[in-house]
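Enquirer: Take this structure, written in structure tokens, and hold onto it; I'll ask about it next.
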Amino acid sequence: MIGDAAKSQAAMNATNTVFDAKRLIGRKFSDPGVQSDMKHWPFGVISGPGGTPIIEVEYKGEKKSFKAEEISSMVLGKMREIAEAYLGKEVKNAVITVPAYFN
């Protein structure tokens, strides 16, 4: 669930509603910024391979794990779908920003 549908159920399902995923891109789980952000997020973040932050949620009774890049990909896909519905044609190009701390 992405977009308005996710937003409308966030209060009832906070631990499984992911936001701010882009703040994890290019960072390690041990990064002080990640550790600070985690204190404000209702969803789980664990250390994955190579110290990569992994987002954990429960979906249909199963624990699911996602990299921040996967969450961002889902959001971009939904944005494309919305843009195509609005424009009435295929969207092939987009401009996105990269976090300043990404290296």
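Note on naming: chains are A, B, ... as they come in the structure tokens, residues start from 1 per chain, ligands start from 1 in the order shown.
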Hey, which bits of range 6-44 of chain A sit within 10 Å of range 72-91 of chain A, and for each residue what's the closest pair of atoms and how far apart in Å (one decimal), counting only C-alpha atoms, rows by chain and increasing number, as a Markdown table?
Expert:
```
| residue | atom | partner | partner_atom | distance |
| --- | --- | --- | --- | --- |
| A:Phe19 | CA | A:Ser72 | CA | 9.7 |
| A:Asp20 | CA | A:Ser72 | CA | 9.4 |
| A:Ala21 | CA | A:Ser72 | CA | 6.8 |
| A:Lys22 | CA | A:Ser72 | CA | 6.7 |
| A:Ile25 | CA | A:Ser72 | CA | 9.2 |
```
Enquirer: Which is closest to Ile2 in chain A among A:Leu24, A:Val18, A:Pro49, A:His40, if we use only C-alpha atoms?
Expert: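 The answer is A:Val18, which sits nearest to Ile2 in chain A.
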Enquirer: Which neighbours of Gly50 in chain A fall inside 12 Å, counting only C-alpha atoms, when residues of the same chain fewer than 5 positions from it are skipped, and could you give them as a list in words?
Expert: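 Residues near the query, excluding close chain neighbours: Arg27, Lys28, Phe29 and Ser30 of chain A.
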Enquirer: Suppose you want the space between CA of Asp37 in chain A and CA of Thr17 in chain A; what is it in Å?
Expert: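 Taking CA of Asp37 in chain A and CA of Thr17 in chain A, their separation equals 15.0 Å.
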Enquirer: DSSP on the backbone, strand (DSSP E or B) only: what residues of chain A does that give? Format it as a ChimeraX atom specification.
Expert: /A:44-47,53-59,62-67
Enquirer: Write the residues you've just listed into a file as an mmCIF file, in the first residue's frame, and include N, CA and C atoms for each of them.
Expert:
```cif
data_model
loop_
_atom_site.group_PDB
_atom_site.id
_atom_site.type_symbol
_atom_site.label_atom_id
_atom_site.label_comp_id
_atom_site.auth_asym_id
_atom_site.auth_seq_id
_atom_site.Cartn_x
_atom_site.Cartn_y
_atom_site.Cartn_z
ATOM 1 N N GLY A 44 10.156 -1.023 12.402
ATOM 2 C CA GLY A 44 11.447 -1.566 12.793
ATOM 3 C C GLY A 44 12.521 -1.403 11.735
ATOM 4 N N VAL A 45 13.746 -1.188 12.199
ATOM 5 C CA VAL A 45 14.919 -1.137 11.326
ATOM 6 C C VAL A 45 15.996 -1.972 12.004
ATOM 7 N N ILE A 46 16.558 -2.924 11.258
ATOM 8 C CA ILE A 46 17.616 -3.775 11.784
ATOM 9 C C ILE A 46 18.860 -3.627 10.912
ATOM 10 N N SER A 47 19.967 -4.163 11.404
ATOM 11 C CA SER A 47 21.210 -4.155 10.639
ATOM 12 C C SER A 47 21.233 -5.373 9.725
ATOM 13 N N PRO A 53 20.990 -0.723 6.647
ATOM 14 C CA PRO A 53 19.720 -0.702 7.385
ATOM 15 C C PRO A 53 18.636 -1.455 6.607
ATOM 16 N N ILE A 54 17.919 -2.313 7.301
ATOM 17 C CA ILE A 54 16.839 -3.093 6.710
ATOM 18 C C ILE A 54 15.546 -2.760 7.456
ATOM 19 N N ILE A 55 14.528 -2.392 6.705
ATOM 20 C CA ILE A 55 13.228 -2.046 7.280
ATOM 21 C C ILE A 55 12.413 -3.325 7.417
ATOM 22 N N GLU A 56 11.836 -3.518 8.608
ATOM 23 C CA GLU A 56 11.013 -4.698 8.850
ATOM 24 C C GLU A 56 9.568 -4.298 9.120
ATOM 25 N N VAL A 57 8.659 -4.968 8.435
ATOM 26 C CA VAL A 57 7.225 -4.772 8.651
ATOM 27 C C VAL A 57 6.547 -6.136 8.624
ATOM 28 N N GLU A 58 5.313 -6.172 9.089
ATOM 29 C CA GLU A 58 4.524 -7.395 9.007
ATOM 30 C C GLU A 58 3.440 -7.187 7.963
ATOM 31 N N TYR A 59 3.325 -8.142 7.057
ATOM 32 C CA TYR A 59 2.319 -8.065 6.001
ATOM 33 C C TYR A 59 1.613 -9.405 5.898
ATOM 34 N N GLU A 62 3.076 -12.172 7.996
ATOM 35 C CA GLU A 62 4.473 -12.551 7.747
ATOM 36 C C GLU A 62 5.390 -11.353 7.894
ATOM 37 N N LYS A 63 6.563 -11.587 8.474
ATOM 38 C CA LYS A 63 7.555 -10.528 8.587
ATOM 39 C C LYS A 63 8.244 -10.348 7.238
ATOM 40 N N LYS A 64 8.275 -9.115 6.767
ATOM 41 C CA LYS A 64 8.916 -8.787 5.491
ATOM 42 C C LYS A 64 10.051 -7.812 5.747
ATOM 43 N N SER A 65 11.118 -7.947 4.988
ATOM 44 C CA SER A 65 12.287 -7.076 5.118
ATOM 45 C C SER A 65 12.564 -6.393 3.786
ATOM 46 N N PHE A 66 12.863 -5.094 3.860
ATOM 47 C CA PHE A 66 13.122 -4.311 2.654
ATOM 48 C C PHE A 66 14.301 -3.378 2.863
ATOM 49 N N LYS A 67 15.103 -3.217 1.822
ATOM 50 C CA LYS A 67 16.118 -2.166 1.817
ATOM 51 C C LYS A 67 15.404 -0.851 1.526
#
```
Enquirer: List every residue of chain A that DSSP, applied to the backbone of this structure, places in helix (DSSP H, G or I), and write the result as number ranges by chain.
Expert: A: 4-9, 14-16, 21-24, 32-38, 49-51, 68-87
Enquirer: Take the residues from that selection and put them in a file with C-alpha atoms, as a compact mmCIF listing (two decimals), in the first residue's frame.
Expert:
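Contents of again03.txt, as written:
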```txt
# COMPACT_ATOMS: atom_id res chain seq x y z
CA ASP A 4 -3.24 7.91 0.12
CA ALA A 5 -4.23 4.34 0.99
CA ALA A 6 -1.17 3.96 3.23
CA LYS A 7 -1.65 7.39 4.76
CA SER A 8 -5.27 6.71 5.67
CA GLN A 9 -4.40 3.54 7.60
CA ALA A 14 1.79 2.60 12.57
CA THR A 15 4.35 -0.19 13.00
CA ASN A 16 3.78 -1.31 9.42
CA ALA A 21 12.96 5.61 3.82
CA LYS A 22 15.16 7.87 1.70
CA ARG A 23 16.89 8.99 4.92
CA LEU A 24 18.46 5.52 5.06
CA PRO A 32 24.39 8.24 14.41
CA GLY A 33 21.76 9.90 12.20
CA VAL A 34 20.08 6.55 11.52
CA GLN A 35 20.14 5.68 15.21
CA SER A 36 18.58 9.05 16.06
CA ASP A 37 15.89 8.74 13.37
CA MET A 38 14.97 5.23 14.54
CA PRO A 49 24.41 -7.50 5.40
CA GLY A 50 27.37 -5.13 5.51
CA GLY A 51 25.64 -2.95 8.09
CA ALA A 68 15.40 1.57 1.68
CA GLU A 69 16.08 1.44 -2.05
CA GLU A 70 13.29 -1.12 -2.48
CA ILE A 71 10.82 1.09 -0.60
CA SER A 72 11.89 4.07 -2.71
CA SER A 73 11.41 2.00 -5.86
CA MET A 74 7.85 1.16 -4.79
CA VAL A 75 7.11 4.85 -4.17
CA LEU A 76 8.55 5.85 -7.56
CA GLY A 77 6.50 3.14 -9.25
CA LYS A 78 3.33 4.45 -7.61
CA MET A 79 4.22 8.02 -8.59
CA ARG A 80 4.66 6.86 -12.19
CA GLU A 81 1.30 5.10 -12.10
CA ILE A 82 -0.42 8.27 -10.79
CA ALA A 83 1.32 10.47 -13.38
CA GLU A 84 0.36 8.15 -16.23
CA ALA A 85 -3.27 8.07 -15.10
CA TYR A 86 -3.35 11.86 -14.90
CA LEU A 87 -1.55 12.46 -18.20
```
Enquirer: What gap, in Å, lies between CA of Thr52 in chain A and CA of Ala11 in chain A?
Expert: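 A separation of 27.7 Å between them.
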Enquirer: Kindly give the distance, in Å, that separates CA of Lys60 in chain A and CA of Lys39 in chain A, rounded to a single decimal.
Expert: 25.4 Å
Enquirer: Using only C-alpha atoms, which of the listed residues (A:Ala100, A:Ala94, A:Gly3, A:Ala10) sits closest to Phe43 in chain A?
Expert: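 Checking each of A:Ala100, A:Ala94, A:Gly3, A:Ala10 against Phe43 in chain A, counting only C-alpha atoms, the winner is A:Ala10.
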